[in-house]
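Listing of protein_39.csv; format and content: CSV, C-alpha atoms.
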```csv
chain,number,residue,atom,x,y,z
A,1,MET,CA,84.0,-118.4,-135.7
A,2,PRO,CA,82.0,-117.8,-132.5
A,3,GLN,CA,78.6,-116.2,-132.8
A,4,ALA,CA,78.7,-112.4,-132.4
A,5,THR,CA,76.9,-111.1,-129.3
A,6,THR,CA,74.9,-107.9,-128.8
A,7,THR,CA,73.0,-106.4,-125.9
A,8,ILE,CA,70.2,-103.8,-126.2
A,9,LEU,CA,69.7,-101.6,-123.2
A,10,GLY,CA,66.0,-100.7,-123.0
A,11,ALA,CA,63.3,-103.0,-124.1
A,12,GLY,CA,61.0,-100.3,-125.3
A,13,GLU,CA,59.5,-100.3,-128.9
A,14,MET,CA,62.8,-99.4,-130.6
A,15,GLY,CA,65.0,-101.7,-128.5
A,16,THR,CA,62.6,-104.6,-129.0
A,17,ALA,CA,62.3,-103.9,-132.8
A,18,LEU,CA,66.1,-103.8,-133.3
A,19,ALA,CA,66.4,-107.0,-131.3
A,20,THR,CA,64.4,-108.7,-134.0
A,21,VAL,CA,66.7,-107.4,-136.7
A,22,LEU,CA,69.8,-108.5,-134.9
A,23,ALA,CA,68.4,-111.9,-134.1
A,24,GLU,CA,67.4,-112.4,-137.8
A,25,ASN,CA,71.0,-111.5,-138.7
A,26,LYS,CA,72.2,-114.3,-136.5
A,27,TYR,CA,73.5,-112.2,-133.6
A,28,LYS,CA,73.2,-113.7,-130.1
A,29,THR,CA,70.9,-110.9,-128.7
A,30,THR,CA,70.0,-110.0,-125.1
A,31,LEU,CA,67.5,-107.3,-124.1
A,32,TRP,CA,68.1,-105.6,-120.8
A,33,ASP,CA,65.3,-103.7,-119.0
A,34,ILE,CA,64.7,-102.2,-115.6
A,35,GLU,CA,61.2,-103.6,-115.3
A,36,GLU,CA,61.1,-107.2,-114.0
A,37,ASP,CA,57.8,-108.0,-115.7
A,38,VAL,CA,59.2,-107.1,-119.1
A,39,VAL,CA,62.3,-109.3,-118.6
A,40,ASN,CA,60.2,-112.2,-117.3
A,41,GLY,CA,57.7,-111.9,-120.2
A,42,ILE,CA,60.5,-112.1,-122.7
A,43,LYS,CA,62.2,-115.0,-120.8
A,44,ARG,CA,59.1,-117.1,-120.3
A,45,PHE,CA,56.9,-116.3,-123.3
A,46,SER,CA,59.1,-114.5,-125.9
A,47,LYS,CA,56.6,-111.6,-125.4
A,48,ASN,CA,57.3,-108.1,-124.3
A,49,PRO,CA,54.2,-107.1,-122.2
A,50,ARG,CA,55.0,-103.4,-122.5
A,51,SER,CA,56.0,-102.8,-126.0
A,52,LEU,CA,55.0,-104.3,-129.4
A,53,VAL,CA,52.8,-106.7,-127.3
A,54,ASP,CA,51.4,-108.5,-130.4
A,55,ILE,CA,54.8,-109.7,-131.5
A,56,THR,CA,56.3,-113.0,-130.6
A,57,LEU,CA,60.0,-112.7,-130.4
A,58,ASP,CA,62.5,-115.2,-131.8
A,59,ARG,CA,63.3,-117.7,-129.1
A,60,SER,CA,67.0,-116.9,-129.4
A,61,ILE,CA,66.4,-113.4,-127.9
A,62,LYS,CA,67.2,-113.5,-124.2
A,63,ALA,CA,66.4,-111.0,-121.5
A,64,GLU,CA,68.3,-109.9,-118.4
A,65,LEU,CA,67.6,-107.7,-115.4
A,66,ASP,CA,71.2,-107.3,-114.2
A,67,ILE,CA,72.8,-104.7,-116.5
A,68,GLU,CA,76.4,-105.6,-115.8
A,69,LYS,CA,75.7,-109.2,-116.6
A,70,ALA,CA,73.8,-108.2,-119.7
A,71,VAL,CA,76.7,-106.3,-121.3
A,72,SER,CA,79.6,-108.5,-120.1
A,73,GLY,CA,81.3,-110.0,-123.1
A,74,SER,CA,79.1,-108.3,-125.7
A,75,ASP,CA,80.6,-107.4,-129.0
A,76,MET,CA,78.1,-104.5,-129.4
A,77,VAL,CA,75.9,-102.6,-127.0
A,78,VAL,CA,72.9,-100.6,-128.2
A,79,ILE,CA,71.7,-97.9,-125.9
A,80,ALA,CA,67.9,-97.6,-126.4
A,81,VAL,CA,66.7,-96.1,-123.2
A,82,ALA,CA,65.0,-92.7,-123.1
A,83,SER,CA,67.5,-89.8,-123.4
A,84,PRO,CA,67.1,-88.6,-119.8
A,85,ALA,CA,68.3,-92.0,-118.6
A,86,VAL,CA,71.3,-92.3,-120.9
A,87,ARG,CA,73.9,-90.8,-118.5
A,88,GLU,CA,72.9,-93.0,-115.6
A,89,VAL,CA,72.7,-96.2,-117.8
A,90,ALA,CA,76.1,-95.5,-119.4
A,91,GLY,CA,77.6,-95.0,-116.0
A,92,LYS,CA,76.4,-98.3,-114.9
A,93,ILE,CA,78.1,-100.2,-117.7
A,94,ASP,CA,81.4,-98.5,-117.3
A,95,GLY,CA,83.8,-101.2,-116.2
A,96,SER,CA,81.7,-104.1,-117.5
A,97,LEU,CA,82.2,-103.6,-121.2
A,98,SER,CA,84.6,-105.5,-123.4
A,99,ARG,CA,87.5,-103.3,-124.6
A,100,ASN,CA,86.6,-103.8,-128.2
A,101,CYS,CA,82.8,-103.3,-127.8
A,102,VAL,CA,80.9,-101.2,-130.3
A,103,ILE,CA,78.5,-98.7,-128.6
A,104,VAL,CA,75.5,-97.5,-130.7
A,105,SER,CA,73.1,-94.9,-129.3
A,106,VAL,CA,69.5,-94.9,-130.7
A,107,ALA,CA,68.4,-92.5,-127.9
A,108,LYS,CA,67.1,-89.3,-129.6
A,109,GLY,CA,67.6,-86.2,-127.5
A,110,LEU,CA,69.9,-83.7,-126.0
A,111,GLU,CA,70.7,-83.7,-122.3
A,112,GLU,CA,68.5,-81.0,-120.7
A,113,SER,CA,71.1,-79.6,-118.3
A,114,THR,CA,74.1,-79.5,-120.7
A,115,PHE,CA,72.6,-79.5,-124.2
A,116,LYS,CA,75.0,-82.3,-125.1
A,117,PRO,CA,74.1,-85.0,-127.6
A,118,MET,CA,73.8,-88.6,-126.3
A,119,VAL,CA,77.0,-89.7,-128.0
A,120,LYS,CA,79.0,-87.1,-126.0
A,121,VAL,CA,77.1,-88.0,-122.8
A,122,ILE,CA,78.0,-91.7,-123.3
A,123,ARG,CA,81.7,-90.8,-124.1
A,124,GLU,CA,82.0,-88.8,-120.9
A,125,GLN,CA,80.7,-91.7,-118.8
A,126,LEU,CA,82.8,-94.4,-120.5
A,127,GLY,CA,86.0,-92.4,-120.9
A,128,GLY,CA,88.3,-91.6,-123.7
A,129,ASP,CA,89.3,-95.3,-124.4
A,130,PHE,CA,85.9,-95.7,-126.1
A,131,GLU,CA,85.9,-92.4,-128.1
A,132,HIS,CA,86.0,-93.9,-131.5
A,133,GLN,CA,83.7,-96.8,-130.7
A,134,ILE,CA,80.6,-94.7,-129.9
A,135,MET,CA,78.1,-93.8,-132.7
A,136,ALA,CA,74.7,-92.4,-133.2
A,137,PHE,CA,71.9,-94.2,-135.0
A,138,SER,CA,68.9,-92.3,-136.4
A,139,GLY,CA,66.4,-92.1,-139.3
A,140,PRO,CA,62.8,-93.0,-140.2
A,141,THR,CA,62.7,-96.3,-138.2
A,142,HIS,CA,59.2,-96.9,-136.9
A,143,SER,CA,59.3,-99.9,-134.7
A,144,ASN,CA,56.1,-101.5,-136.0
A,145,GLU,CA,57.4,-101.4,-139.6
A,146,ILE,CA,60.7,-102.8,-138.6
A,147,VAL,CA,59.2,-105.9,-137.0
A,148,GLU,CA,57.0,-106.3,-140.1
A,149,LYS,CA,60.2,-106.3,-142.2
A,150,LYS,CA,59.1,-103.4,-144.3
A,151,PRO,CA,62.1,-101.8,-146.2
A,152,THR,CA,63.9,-99.4,-143.9
A,153,ALA,CA,67.0,-97.3,-144.0
A,154,ALA,CA,68.8,-95.4,-141.3
A,155,MET,CA,72.0,-93.3,-140.7
A,156,LEU,CA,74.9,-94.3,-138.5
A,157,ALA,CA,77.1,-91.4,-137.5
A,158,SER,CA,80.6,-91.9,-136.1
A,159,ALA,CA,83.6,-89.6,-135.8
A,160,ARG,CA,85.6,-91.7,-138.2
A,161,SER,CA,85.2,-94.8,-140.4
A,162,ASN,CA,86.9,-97.7,-138.6
A,163,GLU,CA,86.4,-101.4,-137.8
A,164,TYR,CA,83.8,-100.4,-135.1
A,165,SER,CA,81.6,-98.5,-137.5
A,166,LYS,CA,81.9,-101.3,-140.1
A,167,ARG,CA,80.9,-103.9,-137.5
A,168,ALA,CA,77.9,-101.9,-136.5
A,169,ILE,CA,76.8,-101.5,-140.1
A,170,GLU,CA,77.2,-105.2,-140.7
A,171,ALA,CA,75.2,-106.1,-137.6
A,172,PHE,CA,72.1,-104.2,-138.8
A,173,THR,CA,72.2,-104.7,-142.5
A,174,ASN,CA,70.2,-107.2,-144.4
A,175,GLU,CA,68.0,-107.3,-147.5
A,176,TRP,CA,65.3,-105.1,-146.1
A,177,PHE,CA,67.3,-103.0,-143.5
A,178,LYS,CA,70.0,-100.7,-144.9
A,179,ILE,CA,72.5,-98.5,-143.0
A,180,TYR,CA,74.2,-95.4,-144.5
A,181,GLU,CA,77.3,-94.0,-142.8
A,182,THR,CA,78.1,-90.4,-142.1
A,183,ARG,CA,80.7,-88.5,-140.1
A,184,ASP,CA,78.2,-85.8,-139.1
A,185,VAL,CA,77.6,-86.9,-135.5
A,186,ILE,CA,76.2,-83.4,-134.5
A,187,GLY,CA,73.8,-83.2,-137.4
A,188,VAL,CA,72.4,-86.8,-136.9
A,189,SER,CA,72.1,-86.2,-133.1
A,190,LEU,CA,70.2,-83.0,-133.6
A,191,ALA,CA,68.0,-84.4,-136.3
A,192,GLY,CA,66.6,-86.9,-133.8
A,193,VAL,CA,65.6,-84.0,-131.5
A,194,THR,CA,64.2,-81.6,-134.1
A,195,LYS,CA,62.0,-84.2,-135.8
A,196,ASN,CA,60.3,-85.0,-132.5
A,197,ALA,CA,59.6,-81.4,-131.8
A,198,LEU,CA,58.1,-80.9,-135.3
A,199,ALA,CA,56.0,-84.0,-134.8
A,200,VAL,CA,54.4,-82.5,-131.7
A,201,ALA,CA,53.6,-79.4,-133.8
A,202,ALA,CA,52.1,-81.6,-136.5
A,203,GLY,CA,49.9,-83.3,-133.9
A,204,ILE,CA,48.8,-80.0,-132.4
A,205,MET,CA,47.7,-78.7,-135.8
A,206,THR,CA,45.8,-81.9,-136.5
A,207,GLY,CA,44.1,-81.7,-133.1
A,208,LEU,CA,43.1,-78.1,-133.8
A,209,GLY,CA,41.5,-79.0,-137.1
A,210,TYR,CA,43.9,-77.2,-139.5
A,211,GLY,CA,43.8,-78.5,-143.1
A,212,SER,CA,46.6,-79.9,-145.2
A,213,ASN,CA,47.5,-76.5,-146.6
A,214,THR,CA,48.3,-75.0,-143.2
A,215,TYR,CA,49.9,-78.2,-142.0
A,216,ALA,CA,52.3,-78.3,-144.9
A,217,TRP,CA,53.0,-74.5,-144.5
A,218,ILE,CA,53.9,-74.6,-140.8
A,219,ILE,CA,55.9,-77.8,-141.0
A,220,THR,CA,57.9,-76.4,-143.8
A,221,GLU,CA,58.6,-73.2,-141.8
A,222,GLY,CA,59.4,-75.3,-138.8
A,223,PHE,CA,61.8,-77.5,-140.8
A,224,ARG,CA,63.5,-74.4,-142.1
A,225,GLU,CA,63.9,-73.2,-138.5
A,226,MET,CA,65.4,-76.5,-137.4
A,227,SER,CA,67.8,-76.5,-140.4
A,228,ARG,CA,69.1,-73.1,-139.3
A,229,LEU,CA,69.6,-74.2,-135.8
A,230,THR,CA,71.4,-77.4,-136.9
A,231,TRP,CA,73.7,-75.5,-139.2
A,232,LYS,CA,74.4,-73.0,-136.5
A,233,LEU,CA,75.6,-75.8,-134.2
A,234,GLY,CA,77.8,-77.4,-136.9
A,235,GLY,CA,75.5,-79.9,-138.5
A,236,GLN,CA,75.9,-80.5,-142.3
A,237,GLU,CA,73.4,-79.7,-145.1
A,238,ASP,CA,73.5,-83.3,-146.4
A,239,THR,CA,72.3,-84.5,-143.0
A,240,VAL,CA,69.5,-82.0,-142.7
A,241,TYR,CA,68.1,-83.1,-146.1
A,242,GLY,CA,68.9,-86.7,-145.7
A,243,LEU,CA,67.4,-89.7,-143.9
A,244,ALA,CA,68.1,-88.5,-140.4
A,245,GLY,CA,66.7,-85.0,-141.0
A,246,LEU,CA,64.1,-84.6,-143.7
A,247,GLY,CA,63.4,-88.4,-143.9
A,248,ASP,CA,62.7,-88.9,-140.2
A,249,THR,CA,60.7,-85.6,-140.0
A,250,VAL,CA,58.4,-86.7,-142.8
A,251,ALA,CA,57.9,-90.1,-141.4
A,252,THR,CA,57.2,-88.9,-137.9
A,253,CYS,CA,55.0,-85.9,-138.7
A,254,PHE,CA,52.7,-88.0,-140.9
A,255,ALA,CA,52.7,-91.2,-138.8
A,256,HIS,CA,49.4,-91.6,-136.9
A,257,ASP,CA,51.1,-94.0,-134.5
A,258,SER,CA,54.0,-91.6,-133.6
A,259,ARG,CA,54.0,-90.9,-129.9
A,260,ASN,CA,55.1,-87.3,-130.4
A,261,ARG,CA,52.4,-86.6,-133.0
A,262,SER,CA,49.7,-88.3,-131.0
A,263,PHE,CA,50.7,-86.3,-127.9
A,264,GLY,CA,50.5,-83.1,-129.9
A,265,GLU,CA,47.1,-84.1,-131.3
A,266,LEU,CA,45.7,-84.6,-127.8
A,267,ILE,CA,47.0,-81.2,-126.8
A,268,GLY,CA,45.3,-79.7,-129.9
A,269,LYS,CA,42.0,-81.4,-128.8
A,270,GLY,CA,42.2,-79.7,-125.4
A,271,LYS,CA,43.9,-82.1,-123.1
A,272,THR,CA,46.5,-80.8,-120.7
A,273,VAL,CA,50.1,-81.8,-121.0
A,274,THR,CA,49.8,-84.1,-118.0
A,275,ARG,CA,46.6,-85.8,-119.2
A,276,ALA,CA,48.0,-86.2,-122.7
A,277,LEU,CA,51.1,-87.8,-121.3
A,278,ASN,CA,49.1,-90.2,-119.2
A,279,THR,CA,47.0,-91.1,-122.2
A,280,ILE,CA,50.2,-91.9,-124.3
A,281,GLY,CA,51.6,-93.9,-121.4
A,282,GLU,CA,55.2,-93.8,-122.6
A,283,THR,CA,58.0,-91.3,-122.9
A,284,VAL,CA,57.4,-88.4,-125.3
A,285,GLU,CA,60.9,-87.3,-126.2
A,286,GLY,CA,59.5,-84.2,-128.0
A,287,ILE,CA,58.6,-82.5,-124.7
A,288,SER,CA,62.2,-82.2,-123.4
A,289,GLY,CA,63.4,-81.7,-126.9
A,290,ILE,CA,61.3,-78.6,-127.4
A,291,ASP,CA,62.5,-77.1,-124.1
A,292,VAL,CA,66.2,-77.7,-124.9
A,293,LEU,CA,65.9,-76.5,-128.5
A,294,HIS,CA,64.2,-73.3,-127.2
A,295,LYS,CA,67.0,-72.7,-124.7
A,296,ILE,CA,69.6,-73.2,-127.5
A,297,ALA,CA,67.8,-70.8,-129.8
A,298,LEU,CA,67.8,-68.1,-127.1
A,299,LYS,CA,71.5,-68.7,-126.4
A,300,GLU,CA,72.3,-68.5,-130.1
A,301,LYS,CA,70.0,-65.5,-130.6
A,302,LEU,CA,67.9,-67.3,-133.3
A,303,ASN,CA,64.4,-66.1,-134.1
A,304,LEU,CA,62.4,-69.4,-134.5
A,305,PRO,CA,58.6,-68.6,-134.4
A,306,VAL,CA,57.4,-72.2,-134.8
A,307,LEU,CA,59.7,-73.5,-132.1
A,308,LYS,CA,58.6,-70.6,-129.9
A,309,ALA,CA,55.0,-71.5,-130.4
A,310,MET,CA,55.6,-75.1,-129.4
A,311,TYR,CA,57.5,-74.0,-126.3
A,312,GLU,CA,54.6,-71.8,-125.3
A,313,VAL,CA,52.1,-74.6,-125.6
A,314,VAL,CA,54.1,-77.5,-124.2
A,315,SER,CA,56.4,-75.9,-121.6
A,316,LEU,CA,54.4,-72.7,-120.7
A,317,LYS,CA,51.0,-74.5,-120.9
A,318,LYS,CA,49.4,-71.7,-123.0
A,319,LYS,CA,46.3,-72.4,-125.0
A,320,ALA,CA,47.2,-74.1,-128.2
A,321,ASN,CA,44.4,-72.6,-130.3
A,322,LYS,CA,45.4,-69.0,-129.5
A,323,VAL,CA,49.2,-69.7,-129.8
A,324,PHE,CA,48.8,-71.3,-133.3
A,325,GLU,CA,46.3,-68.7,-134.5
A,326,ASP,CA,48.9,-66.0,-133.6
A,327,LEU,CA,51.6,-68.1,-135.3
A,328,VAL,CA,49.8,-68.3,-138.6
A,329,LYS,CA,49.1,-64.6,-138.5
A,330,SER,CA,52.7,-63.8,-137.8
A,331,PHE,CA,54.1,-65.0,-141.1
```

Rewritten as C-alpha cells:
Amino acid sequence: MPQATTTILGAGEMGTALATVLAENKYKTTLWDIEEDVVNGIKRFSKNPRSLVDITLDRSIKAELDIEKAVSGSDMVVIAVASPAVREVAGKIDGSLSRNCVIVSVAKGLEESTFKPMVKVIREQLGGDFEHQIMAFSGPTHSNEIVEKKPTAAMLASARSNEYSKRAIEAFTNEWFKIYETRDVIGVSLAGVTKNALAVAAGIMTGLGYGSNTYAWIITEGFREMSRLTWKLGGQEDTVYGLAGLGDTVATCFAHDSRNRSFGELIGKGKTVTRALNTIGETVEGISGIDVLHKIALKEKLNLPVLKAMYEVVSLKKKANKVFEDLVKSF
C-alpha cells in the first residue's frame, strides 16, 4: 500500500508542529509557505527559521513554495494559515486537489466581513463536491508541547462521520495525540475564536496587576458570555464544556507563551495595540476575533460586558486600566 501523503498550508507554529505528528505517524508530509526563507530553511537544514526555531524537523518533512504543486496528489490537506488568509489560500488550491482529498482547517477565526466560520469559507471556495470532506480541528494544542510529545487531545468536527473524518482521525492519532470526533462544526469553530478573545482579556488583567481572585472572576464571567453567544448561534453545550471550548480556554488563558495572552499583557502594561503587535511579531487572532464577536453580539442583541470591555480596549484603543476598573465595578 503506498504511503499516504499530506500537505500543510502554512508553516507557522501550529502547521510545523502538526507536521511533526504526521511525519511520526509515517505520513509523507509537505509544508507549504509563502515565505521563501522558511521553505529554504526546511529544505536545506530541516529547520524553520520563523517558527519553533529550536526544533530540528524529521528529514522526511519536505517544503514547497508552489502551492498547486504542494497539494497535487495529497490525500489530506491541512489549512493552517491565519484566518484572514483562508479564503485566498483555499481559492488557490481549487482545481489542484485530488477528488478524494480530506481537508482539515486548524485556522481559528471567523471571517471579518461575513462572520462565517473557516469551514464554510473553505467550502465556498472549493465548491459542493468537497462539502463532506471539510472539517474543523480545535482544542488545547500548544505547538511547543506537541513537538515535545506531551499528551495532547483535540476535537475534529465534521458534518457527518464518514471515510474522510475517519481518515483524518487516523492521520493524527498516536499514543500521545488523541482526536475526539463531533458533529458540532459551529460550536468547535466558535470555540477557537472565543478562547482567543478571553486569552487577550486574561493577559490584560495580568498586565494591569489584578490578582488571581479577580482573574478567575472575570474569566468565568467572560466564559459565561461566550457560552451564551455560542448557544445563540447554534453551538452545543457539550462543545462549550469540552476540549474545544473550556479545555482550550483554560490552556490559552493560563499559558504564558500564548500569543493572545502575551499581547493582552503588553496592553495591560501600557503598550499601544500597534507596539504590542510589533513586539509579538506574529498574527494575534484574538484581535480580529474580538471585533467580529462584538459585531455578532450587537446583531443578536446580547449584553456581554466582558466582550464589550475587550472591544473598547483592543478595537477602540481606550485605556485598559479605566475600562477594566469600570468592568469590575459593573458586576

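Polymer residues near (74.2, -95.0, -141.4): counting all atoms listed in the file with a cut-off of 6 Å, they are A:Ala154, A:Met155, A:Leu156, A:Ile179, A:Tyr180, A:Glu181.
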
Minimum-distance residue to Ala168 in chain A, chosen among A:Ser46, A:Gln125, A:Gln133, A:Thr272 (using all atoms listed in the file): A:Gln133

Distance criterion (all atoms listed in the file): nearest to Leu52 in chain A out of A:Arg99, A:Arg87, A:Lys271, A:His142: A:His142

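Using only C-alpha atoms, the shortest contact distance between Ala85 in chain A and any of A:Leu9, A:Val39, A:Leu22, A:Ala70 is found at A:Leu9.
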
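Taking only C-alpha atoms into account, Glu148 in chain A lies nearest to A:Leu18 out of the set A:Ile42, A:Leu18, A:Leu110, A:Ala11.
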
Answer as a ChimeraX atom specification, residues within 12 Å of (56.4, -111.4, -124.4) using all atoms listed in the file: /A:11,16,31,37-59,61-63

Å distance separating CA of Asn100 in chain A from CA of Gly234 in chain A, one decimal place: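 Result for CA of Asn100 in chain A versus CA of Gly234 in chain A: 29.2 Å, one decimal.
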
Selected residue, from A:Lys92, A:Lys269, A:Arg167, A:Arg228, that lies nearest to Tyr210 in chain A when counting all atoms listed in the file: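 Selected residue with least distance to Tyr210 in chain A: A:Lys269.
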
All residues 10 Å or closer to range 235-252 of chain A, all atoms listed in the file, same chain fewer than 5 positions away omitted, as a PyMOL selection string: chain A and resi 137-142+153-157+180+182-200+202+219+223-224+226-230+257-261

Neighbour list for range 273-277 of chain A as a PyMOL selection string, cut-off 7 Å, all atoms listed in the file, skip fewer than 6 positions in-chain: chain A and resi 263+266-267+314

Atoms kept (C-alpha atoms) for selection, written as a compact mmCIF listing (two decimals), in the coordinates of the input:
```txt
# COMPACT_ATOMS: atom_id res chain seq x y z
CA PHE A 263 50.70 -86.30 -127.90
CA LEU A 266 45.70 -84.60 -127.80
CA ILE A 267 47.00 -81.20 -126.80
CA VAL A 314 54.10 -77.50 -124.20
```

Between CA of Pro117 in chain A and CA of Thr5 in chain A - distance in Å to one decimal: 26.3 Å

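Near Glu112 in chain A, within a cut-off of 8 Å and counting all atoms listed in the file, sit the residues A:Pro84, A:Leu110, A:Thr114, A:Phe115, A:Lys116, A:Ser288, A:Asp291, A:Val292, with same-chain residues fewer than 2 positions away left out.
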
Nearest-residue call for Val106 in chain A, choices A:Glu170, A:Ile290, A:Glu13, A:Glu282, using all atoms listed in the file: A:Glu13

Distance of CA of Phe331 in chain A from CA of Thr220 in chain A, expressed in Å to one decimal place: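 Between CA of Thr220 in chain A and CA of Phe331 in chain A the gap works out to 12.3 Å.
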